[in-house]
>>> print(open('start25.txt').read())   # compact mmCIF, C-alpha atoms and all ligand atoms
# COMPACT_ATOMS: atom_id res chain seq x y z
CA MET A 22 9.28 6.70 14.17
CA ASP A 23 6.27 8.96 14.42
CA ILE A 24 4.93 12.45 13.77
CA PRO A 25 4.74 15.09 16.55
CA ARG A 26 2.31 14.00 19.23
CA LEU A 27 0.18 17.14 19.03
CA PHE A 28 -1.16 16.03 15.62
CA THR A 29 -2.07 12.59 16.86
CA ILE A 30 -3.96 14.23 19.73
CA THR A 31 -5.78 16.94 17.77
CA GLU A 32 -6.56 14.85 14.65
CA SER A 33 -7.18 11.45 16.23
CA ALA A 34 -10.89 11.58 15.30
CA HIS A 35 -10.36 12.86 11.74
CA ARG A 36 -10.87 10.54 8.80
CA ILE A 37 -9.58 13.18 6.41
CA HIS A 38 -6.65 15.22 7.71
CA ASN A 39 -7.27 18.11 5.34
CA PRO A 40 -9.99 20.69 4.58
CA PHE A 41 -11.71 18.19 2.28
CA THR A 42 -15.09 16.73 3.20
CA ALA A 43 -16.10 13.18 2.24
CA GLU A 44 -18.10 14.73 -0.62
CA LYS A 45 -15.06 16.59 -1.98
CA LEU A 46 -12.99 13.43 -1.83
CA ALA A 47 -15.69 11.56 -3.75
CA THR A 48 -15.87 14.41 -6.28
CA LEU A 49 -12.13 14.23 -6.80
CA GLY A 50 -12.29 10.47 -7.40
CA ALA A 51 -15.15 10.95 -9.87
CA VAL A 52 -13.60 13.77 -11.89
CA LEU A 53 -10.36 11.84 -12.33
CA ARG A 54 -12.37 9.16 -14.20
CA LEU A 55 -10.56 6.37 -12.39
CA LYS A 56 -10.92 2.98 -13.99
CA PRO A 57 -11.17 -0.22 -11.94
CA GLY A 58 -7.65 -1.54 -11.32
CA THR A 59 -6.00 1.90 -11.46
CA ARG A 60 -2.85 1.68 -9.29
CA ILE A 61 -2.38 4.56 -6.86
CA LEU A 62 0.51 5.46 -4.58
CA ASP A 63 -0.30 7.88 -1.75
CA LEU A 64 2.57 9.45 0.23
CA GLY A 65 1.37 10.78 3.58
CA SER A 66 -1.81 8.72 3.32
CA GLY A 67 -3.02 9.63 6.83
CA SER A 68 -5.98 7.53 7.95
CA GLY A 69 -6.36 6.13 4.43
CA GLU A 70 -9.75 7.61 3.57
CA MET A 71 -8.84 8.45 -0.03
CA LEU A 72 -7.50 5.02 -0.97
CA CYS A 73 -10.15 3.09 1.00
CA THR A 74 -13.18 4.96 -0.36
CA TRP A 75 -11.81 5.03 -3.91
CA ALA A 76 -11.14 1.27 -3.69
CA ARG A 77 -14.75 0.80 -2.63
CA ASP A 78 -16.30 3.29 -5.09
CA TYR A 79 -14.01 3.07 -8.12
CA GLY A 80 -12.23 -0.29 -7.76
CA ILE A 81 -8.73 1.20 -7.58
CA THR A 82 -5.81 -0.55 -5.91
CA GLY A 83 -3.44 1.41 -3.74
CA VAL A 84 -0.45 1.66 -1.48
CA GLY A 85 -0.29 4.33 1.22
CA VAL A 86 2.78 5.32 3.21
CA ASP A 87 2.46 7.31 6.42
CA MET A 88 4.75 8.09 9.30
CA SER A 89 2.01 8.22 11.96
CA ARG A 90 1.55 4.92 13.74
CA LEU A 91 -1.93 5.95 14.86
CA PHE A 92 -3.12 7.09 11.42
CA SER A 93 -1.63 4.04 9.64
CA GLY A 94 -3.45 1.79 12.11
CA GLN A 95 -6.68 3.70 11.50
CA ALA A 96 -6.17 3.30 7.74
CA LYS A 97 -5.88 -0.47 8.07
CA ARG A 98 -8.99 -0.55 10.22
CA ARG A 99 -10.89 1.57 7.69
CA ALA A 100 -9.87 -0.84 4.90
CA ARG A 101 -11.35 -3.73 6.89
CA GLU A 102 -14.49 -1.71 7.64
CA LEU A 103 -15.05 -0.97 3.93
CA GLY A 104 -14.11 -4.51 2.83
CA VAL A 105 -11.18 -3.39 0.65
CA THR A 106 -8.20 -5.04 2.38
CA GLU A 107 -7.43 -7.00 -0.81
CA ARG A 108 -7.03 -3.76 -2.77
CA VAL A 109 -5.16 -1.42 -0.44
CA THR A 110 -1.97 -1.70 1.60
CA PHE A 111 -0.83 0.74 4.25
CA ILE A 112 2.81 0.99 5.22
CA HIS A 113 3.88 2.73 8.41
CA GLY A 114 7.08 4.53 7.50
CA ASP A 115 8.85 7.67 6.39
CA ALA A 116 7.84 8.45 2.80
CA THR A 117 10.90 10.65 2.21
CA GLY A 118 12.48 9.31 -0.98
CA TYR A 119 9.85 6.56 -1.31
CA VAL A 120 9.68 5.15 -4.86
CA SER A 121 7.42 2.19 -5.66
CA LYS A 122 8.96 -0.99 -7.10
CA ASP A 123 6.39 -1.23 -9.90
CA LYS A 124 5.27 1.79 -11.88
CA ILE A 125 1.83 3.09 -10.91
CA ASP A 126 -0.91 5.10 -12.66
CA VAL A 127 -1.57 7.82 -10.08
CA ALA A 128 0.98 9.16 -7.59
CA ALA A 129 -0.44 11.36 -4.85
CA CYS A 130 0.74 13.55 -2.01
CA VAL A 131 -2.26 15.26 -0.51
CA GLY A 132 -1.36 17.81 2.13
CA ALA A 133 2.14 16.60 2.95
CA THR A 134 4.46 18.16 0.34
CA TRP A 135 7.20 18.68 2.92
CA ILE A 136 7.87 14.98 2.26
CA GLY A 137 9.66 16.01 -0.94
CA GLY A 138 10.97 19.31 0.44
CA GLY A 139 8.14 21.34 -1.15
CA VAL A 140 5.82 21.09 -4.13
CA ALA A 141 8.52 20.86 -6.83
CA GLY A 142 10.56 18.25 -4.95
CA THR A 143 7.44 16.21 -4.21
CA ILE A 144 6.41 16.24 -7.87
CA ASP A 145 9.91 14.99 -8.80
CA LEU A 146 9.68 12.24 -6.19
CA LEU A 147 6.20 11.12 -7.26
CA ALA A 148 7.24 11.14 -10.94
CA LYS A 149 9.80 8.41 -10.19
CA SER A 150 7.00 5.95 -9.39
CA LEU A 151 4.77 6.94 -12.29
CA CYS A 152 4.12 5.10 -15.55
CA ASP A 153 4.22 7.04 -18.84
CA GLY A 154 1.08 9.14 -19.13
CA GLY A 155 0.35 8.76 -15.42
CA MET A 156 -1.18 11.40 -13.19
CA ILE A 157 0.19 13.21 -10.16
CA LEU A 158 -2.07 14.55 -7.41
CA ILE A 159 -0.84 17.36 -5.22
CA GLY A 160 -2.89 18.68 -2.29
CA GLU A 161 -1.63 22.09 -1.24
CA PRO A 162 -2.72 25.33 0.44
CA TYR A 163 -2.75 28.64 -1.43
CA TRP A 164 -3.43 32.21 -0.37
CA LEU A 165 -6.98 33.40 -0.95
CA ARG A 166 -5.68 36.76 0.22
CA VAL A 167 -1.97 37.36 0.46
CA PRO A 168 -1.24 38.25 4.12
CA PRO A 169 -0.26 41.92 4.43
CA THR A 170 2.36 41.08 7.07
CA GLU A 171 4.46 38.13 8.18
CA ASP A 172 2.54 38.13 11.47
CA VAL A 173 -0.69 37.44 9.61
CA ALA A 174 1.04 34.61 7.72
CA ARG A 175 2.13 33.12 11.05
CA GLY A 176 -1.45 33.51 12.27
CA CYS A 177 -2.37 31.19 9.41
CA CYS A 178 0.19 28.65 10.75
CA ALA A 179 2.59 29.41 7.87
CA ASN A 180 6.23 30.18 8.63
CA ALA A 181 6.21 33.05 6.16
CA VAL A 182 4.13 34.65 3.38
CA SER A 183 6.51 32.95 0.95
CA ASP A 184 5.38 29.47 2.11
CA PHE A 185 2.39 29.57 -0.24
CA LEU A 186 1.37 31.08 -3.58
CA THR A 187 -1.93 32.47 -4.77
CA LEU A 188 -4.08 30.09 -6.82
CA PRO A 189 -3.07 31.60 -10.19
CA GLU A 190 0.59 31.52 -9.14
CA LEU A 191 0.32 27.92 -7.94
CA LEU A 192 -1.31 26.81 -11.20
CA ALA A 193 1.34 28.66 -13.21
CA SER A 194 4.09 27.03 -11.14
CA PHE A 195 2.91 23.57 -12.21
CA GLY A 196 3.21 24.72 -15.82
CA ASP A 197 6.72 26.03 -15.14
CA LEU A 198 7.64 22.53 -13.94
CA GLY A 199 6.47 21.08 -17.26
CA TYR A 200 3.05 19.80 -16.19
CA ASP A 201 -0.47 20.36 -17.47
CA VAL A 202 -3.03 20.93 -14.75
CA VAL A 203 -5.77 18.57 -15.96
CA GLU A 204 -8.20 18.83 -13.03
CA MET A 205 -8.58 20.46 -9.66
CA VAL A 206 -11.00 20.23 -6.76
CA LEU A 207 -10.87 23.07 -4.25
CA ALA A 208 -11.86 22.96 -0.60
CA ASP A 209 -14.53 25.37 0.58
CA ARG A 210 -15.10 27.03 3.93
CA GLU A 211 -17.34 24.22 5.11
CA GLY A 212 -14.43 21.85 4.54
CA TRP A 213 -12.08 24.14 6.44
CA ASP A 214 -14.55 24.37 9.31
CA ARG A 215 -14.87 20.59 9.43
CA TYR A 216 -11.10 20.16 9.45
CA GLU A 217 -10.34 22.84 12.04
CA ALA A 218 -13.41 22.82 14.28
CA ALA A 219 -13.35 19.01 14.60
CA LYS A 220 -10.02 19.41 16.40
CA TRP A 221 -11.64 21.46 19.16
CA LEU A 222 -14.04 18.80 20.37
CA THR A 223 -11.28 16.20 20.06
CA MET A 224 -9.01 18.38 22.23
CA ARG A 225 -11.77 18.95 24.79
CA ARG A 226 -12.50 15.24 25.09
CA TRP A 227 -8.80 14.42 25.25
CA LEU A 228 -8.29 16.94 28.09
CA GLU A 229 -11.14 15.38 30.03
CA ALA A 230 -9.60 11.93 29.60
CA ASN A 231 -5.95 12.95 30.18
CA PRO A 232 -5.87 15.72 32.82
CA GLY A 233 -2.42 14.81 34.13
CA ASP A 234 -0.70 14.29 30.77
CA ASP A 235 2.52 16.17 29.96
CA PHE A 236 0.75 17.68 26.98
CA ALA A 237 -2.37 18.78 28.87
CA GLU A 238 -1.22 22.37 29.37
CA GLU A 239 -0.31 22.78 25.70
CA VAL A 240 -3.58 21.28 24.53
CA ARG A 241 -5.52 23.47 26.98
CA THR A 242 -3.83 26.60 25.62
CA ARG A 243 -4.58 25.54 22.06
CA LEU A 244 -8.20 24.80 22.75
CA THR A 245 -8.56 28.23 24.35
CA LEU A 246 -6.93 30.09 21.46
CA GLU A 247 -7.67 28.06 18.33
CA PRO A 248 -11.28 29.03 17.50
CA THR A 249 -10.44 32.75 17.48
CA ARG A 250 -7.12 32.27 15.70
CA TYR A 251 -8.78 30.18 13.01
CA ALA A 252 -11.64 32.66 12.47
CA THR A 253 -9.27 35.65 12.46
CA TYR A 254 -6.65 34.27 10.11
CA THR A 255 -6.88 30.91 8.32
CA ARG A 256 -10.59 31.04 7.53
CA ASN A 257 -10.26 34.26 5.53
CA SER A 258 -6.84 33.85 4.06
CA LEU A 259 -6.09 30.28 3.15
CA GLY A 260 -7.46 28.10 0.39
CA TRP A 261 -6.66 24.48 -0.27
CA GLY A 262 -7.05 22.20 -3.22
CA VAL A 263 -5.98 19.03 -4.93
CA PHE A 264 -4.42 19.49 -8.36
CA ALA A 265 -4.15 16.74 -10.97
CA LEU A 266 -1.06 17.02 -13.16
CA MET A 267 0.19 15.26 -16.27
CA ALA A 268 3.64 15.78 -17.77
CA ARG A 269 3.58 17.76 -21.02
N1 LIG B 301 -3.29 12.70 2.85
C1 LIG B 301 -3.92 12.48 4.13
C2 LIG B 301 -3.12 13.02 5.32
C3 LIG B 301 -2.68 14.46 5.22
S1 LIG B 301 -2.01 15.09 6.76
C4 LIG B 301 -5.32 13.06 4.13
O1 LIG B 301 -5.62 13.88 3.25
O2 LIG B 301 -6.10 12.74 5.02
C5 LIG B 301 -0.29 14.81 6.55
C6 LIG B 301 0.11 13.37 6.77
O3 LIG B 301 1.49 13.23 6.48
C7 LIG B 301 -0.08 12.86 8.19
O4 LIG B 301 -0.85 11.68 8.14
C8 LIG B 301 1.33 12.57 8.68
O5 LIG B 301 1.38 11.45 9.55
C9 LIG B 301 2.04 12.30 7.39
N2 LIG B 301 3.49 12.51 7.36
C10 LIG B 301 4.19 13.56 7.84
N3 LIG B 301 5.49 13.43 7.56
C11 LIG B 301 5.62 12.25 6.86
C12 LIG B 301 6.72 11.55 6.30
N4 LIG B 301 7.96 12.02 6.35
N5 LIG B 301 6.47 10.37 5.68
C13 LIG B 301 5.21 9.86 5.61
N6 LIG B 301 4.14 10.50 6.14
C14 LIG B 301 4.34 11.67 6.74
>>> encode(input="start25.txt", output="structure tokens", more="lines below")
Ligand code: SAH
Amino acid sequence: MDIPRLFTITESAHRIHNPFTAEKLATLGAVLRLKPGTRILDLGSGSGEMLCTWARDYGITGVGVDMSRLFSGQAKRRARELGVTERVTFIHGDATGYVSKDKIDVAACVGATWIGGGVAGTIDLLAKSLCDGGMILIGEPYWLRVPPTEDVARGCCANAVSDFLTLPELLASFGDLGYDVVEMVLADREGWDRYEAAKWLTMRRWLEANPGDDFAEEVRTRLTLEPTRYATYTRNSLGWGVFALMAR
């Protein structure tokens, strides 16, 4: 079981697989006013940076589930590096339908809402693990500018304009699902540049190390096209944020 190989090639050097910088992640942890011992479940936990740094900085405990063997391994290594192996556990597996045995305080899905079939389905899934009065964290893109055509949406790596909402629409949609939005931290362009541009050097290095690989041609094409595609489309059109929700 694993995610498509292209991601494990292009994002192998990322600690955060989203347009969040380390500073934004720390800001998010701080604004949530996490108390030591807060129990967090993270579906699609990637390389574990959120749980590991919050365990170190705020004394939380956490369980992360991720389908990438590489990223789950990196998460475990990061936990050892930060001395938080007692507080965090990383499970390599499909998080579809994952509900924790014991109720937890914060249930997160940060940039992987396809796990629950979209934002609404993911909120429903996370709610099943949550204690009364608990908090849900959803990391999700939104349109800064609604693409004028479907081609522009595809240029932003969306399947269609309808994949994402604008920020006001996204915030309203949480309300429609019966949740208060109690905090949010939004990515900025620097974060987007870090997320996207870091893939380019990773791809270049990978190509140098793996010239005969089956994927080499695909990675070469991507490296050639990605900087311009990103600057033309995603950088101007797409926002991203993490939204903290509490049931009304
Ligand atoms: N939340 C992390 C990772 C976001 S990237 C961060 O912010 O860094 C999306 C993650 O979802 C990847 O790590 C990918 O491996 C994982 N993923 C994709 N499909 C999944 C599934 N069905 N179950 C669990 N993890 C999944």
>>> residues_near_ligand(input="start25.txt", ligand="ligand LIG 301 (chain B)", cutoff="7 Å", atoms="only C-alpha atoms and all ligand atoms", output="PyMOL selection string")
chain A and resi 24+36-39+64-70+86-89+92+114-117+130-133+136
>>> residues_around(input="start25.txt", residues="Trp213 (chain A)", least_positions_apart="3", cutoff="9 Å", atoms="only C-alpha atoms", output="list of chain:residue names")
A:Asn39, A:Pro40, A:Phe41, A:Thr42, A:Ala208, A:Asp209, A:Arg210, A:Tyr216, A:Glu217, A:Ala218, A:Thr255, A:Arg256, A:Gly260, A:Trp261
>>> write_last_selection(input="start25.txt", atoms="C-alpha atoms", output="short mmCIF file (atom, residue, chain, number, x, y, z; two decimals), keeping the file's coordinate frame")
data_model
loop_
_atom_site.label_atom_id
_atom_site.label_comp_id
_atom_site.auth_asym_id
_atom_site.auth_seq_id
_atom_site.Cartn_x
_atom_site.Cartn_y
_atom_site.Cartn_z
CA ASN A 39 -7.27 18.11 5.34
CA PRO A 40 -9.99 20.69 4.58
CA PHE A 41 -11.71 18.19 2.28
CA THR A 42 -15.09 16.73 3.20
CA ALA A 208 -11.86 22.96 -0.60
CA ASP A 209 -14.53 25.37 0.58
CA ARG A 210 -15.10 27.03 3.93
CA TYR A 216 -11.10 20.16 9.45
CA GLU A 217 -10.34 22.84 12.04
CA ALA A 218 -13.41 22.82 14.28
CA THR A 255 -6.88 30.91 8.32
CA ARG A 256 -10.59 31.04 7.53
CA GLY A 260 -7.46 28.10 0.39
CA TRP A 261 -6.66 24.48 -0.27
#
>>> atom_distance(input="start25.txt", atom1="CA of Ile112 (chain A)", atom2="CA of Thr59 (chain A)")
18.9 Å
>>> closest_atom_pairs(input="start25.txt", of="region 153-251 of chain A", to="region 32-35 of chain A", cutoff="12 Å", atoms="all atoms listed in the file", output="tab-separated table")
residue	atom	partner	partner_atom	distance
A:Arg215	CA	A:His35	CA	9.2
A:Tyr216	CA	A:His35	CA	7.7
A:Glu217	CA	A:Glu32	CA	9.2
A:Ala218	CA	A:Glu32	CA	10.5
A:Ala219	CA	A:His35	CA	7.4
A:Lys220	CA	A:Glu32	CA	6.0
A:Trp221	CA	A:Glu32	CA	9.5
A:Leu222	CA	A:Ala34	CA	9.4
A:Thr223	CA	A:Ala34	CA	6.6
A:Met224	CA	A:Glu32	CA	8.7
A:Arg226	CA	A:Ala34	CA	10.6
A:Trp227	CA	A:Ser33	CA	9.6
>>> atom_distance(input="start25.txt", atom1="CA of Thr242 (chain A)", atom2="CA of Arg90 (chain A)")
25.3 Å
>>> atom_distance(input="start25.txt", atom1="CA of Arg166 (chain A)", atom2="CA of Asn180 (chain A)")
16.0 Å
>>> closest_residue(input="start25.txt", among="A:Glu247, A:Asp145, A:Glu211, A:Glu107", to="Ile159 (chain A)", atoms="only C-alpha atoms")
A:Asp145
>>> closest_residue(input="start25.txt", among="A:Lys56, A:Val120, A:Pro25, A:Met71", to="Ala43 (chain A)", atoms="only C-alpha atoms")
A:Met71
>>> build_atoms(input="start25.txt", residues="region 233-261 of chain A", atoms="N, CA and C atoms", output="tab-separated table (two decimals), keeping the file's coordinate frame")
chain	number	residue	atom	x	y	z
A	233	GLY	N	-3.78	14.73	33.58
A	233	GLY	CA	-2.42	14.81	34.13
A	233	GLY	C	-1.33	14.62	33.10
A	234	ASP	N	-1.68	14.55	31.83
A	234	ASP	CA	-0.70	14.29	30.77
A	234	ASP	C	0.28	15.46	30.60
A	235	ASP	N	1.51	15.12	30.20
A	235	ASP	CA	2.52	16.17	29.96
A	235	ASP	C	2.06	17.21	28.96
A	236	PHE	N	1.20	16.79	28.04
A	236	PHE	CA	0.75	17.68	26.98
A	236	PHE	C	-0.51	18.48	27.35
A	237	ALA	N	-1.05	18.21	28.53
A	237	ALA	CA	-2.37	18.78	28.87
A	237	ALA	C	-2.34	20.32	28.82
A	238	GLU	N	-1.26	20.92	29.33
A	238	GLU	CA	-1.22	22.37	29.37
A	238	GLU	C	-1.20	22.94	27.94
A	239	GLU	N	-0.40	22.30	27.08
A	239	GLU	CA	-0.31	22.78	25.70
A	239	GLU	C	-1.65	22.64	24.97
A	240	VAL	N	-2.29	21.51	25.19
A	240	VAL	CA	-3.58	21.28	24.53
A	240	VAL	C	-4.62	22.25	25.07
A	241	ARG	N	-4.57	22.51	26.37
A	241	ARG	CA	-5.52	23.47	26.98
A	241	ARG	C	-5.35	24.86	26.35
A	242	THR	N	-4.10	25.29	26.21
A	242	THR	CA	-3.83	26.60	25.62
A	242	THR	C	-4.36	26.65	24.19
A	243	ARG	N	-4.11	25.59	23.46
A	243	ARG	CA	-4.58	25.54	22.06
A	243	ARG	C	-6.08	25.61	21.97
A	244	LEU	N	-6.73	24.81	22.81
A	244	LEU	CA	-8.20	24.80	22.75
A	244	LEU	C	-8.76	26.18	23.06
A	245	THR	N	-8.11	26.88	23.98
A	245	THR	CA	-8.56	28.23	24.35
A	245	THR	C	-8.39	29.20	23.18
A	246	LEU	N	-7.27	29.08	22.46
A	246	LEU	CA	-6.93	30.09	21.46
A	246	LEU	C	-7.39	29.76	20.04
A	247	GLU	N	-7.50	28.48	19.73
A	247	GLU	CA	-7.67	28.06	18.33
A	247	GLU	C	-8.91	28.61	17.63
A	248	PRO	N	-10.11	28.55	18.25
A	248	PRO	CA	-11.28	29.03	17.50
A	248	PRO	C	-11.11	30.48	17.01
A	249	THR	N	-10.61	31.35	17.88
A	249	THR	CA	-10.44	32.75	17.48
A	249	THR	C	-9.32	32.90	16.45
A	250	ARG	N	-8.22	32.19	16.67
A	250	ARG	CA	-7.12	32.27	15.70
A	250	ARG	C	-7.61	31.83	14.32
A	251	TYR	N	-8.30	30.71	14.29
A	251	TYR	CA	-8.78	30.18	13.01
A	251	TYR	C	-9.71	31.19	12.31
A	252	ALA	N	-10.66	31.73	13.07
A	252	ALA	CA	-11.64	32.66	12.47
A	252	ALA	C	-10.98	33.96	12.05
A	253	THR	N	-9.94	34.38	12.78
A	253	THR	CA	-9.27	35.65	12.46
A	253	THR	C	-8.38	35.51	11.22
A	254	TYR	N	-7.70	34.39	11.13
A	254	TYR	CA	-6.65	34.27	10.11
A	254	TYR	C	-6.99	33.23	9.02
A	255	THR	N	-6.81	31.96	9.35
A	255	THR	CA	-6.88	30.91	8.32
A	255	THR	C	-8.17	30.98	7.51
A	256	ARG	N	-9.29	31.15	8.20
A	256	ARG	CA	-10.59	31.04	7.53
A	256	ARG	C	-10.76	32.07	6.41
A	257	ASN	N	-10.13	33.22	6.56
A	257	ASN	CA	-10.26	34.26	5.53
A	257	ASN	C	-9.14	34.25	4.51
A	258	SER	N	-8.04	33.64	4.87
A	258	SER	CA	-6.84	33.85	4.06
A	258	SER	C	-6.37	32.65	3.27
A	259	LEU	N	-6.73	31.45	3.74
A	259	LEU	CA	-6.09	30.28	3.15
A	259	LEU	C	-7.10	29.42	2.38
A	260	GLY	N	-6.71	29.08	1.18
A	260	GLY	CA	-7.46	28.10	0.39
A	260	GLY	C	-6.70	26.79	0.36
A	261	TRP	N	-7.32	25.79	-0.19
A	261	TRP	CA	-6.66	24.48	-0.27
A	261	TRP	C	-7.29	23.71	-1.43
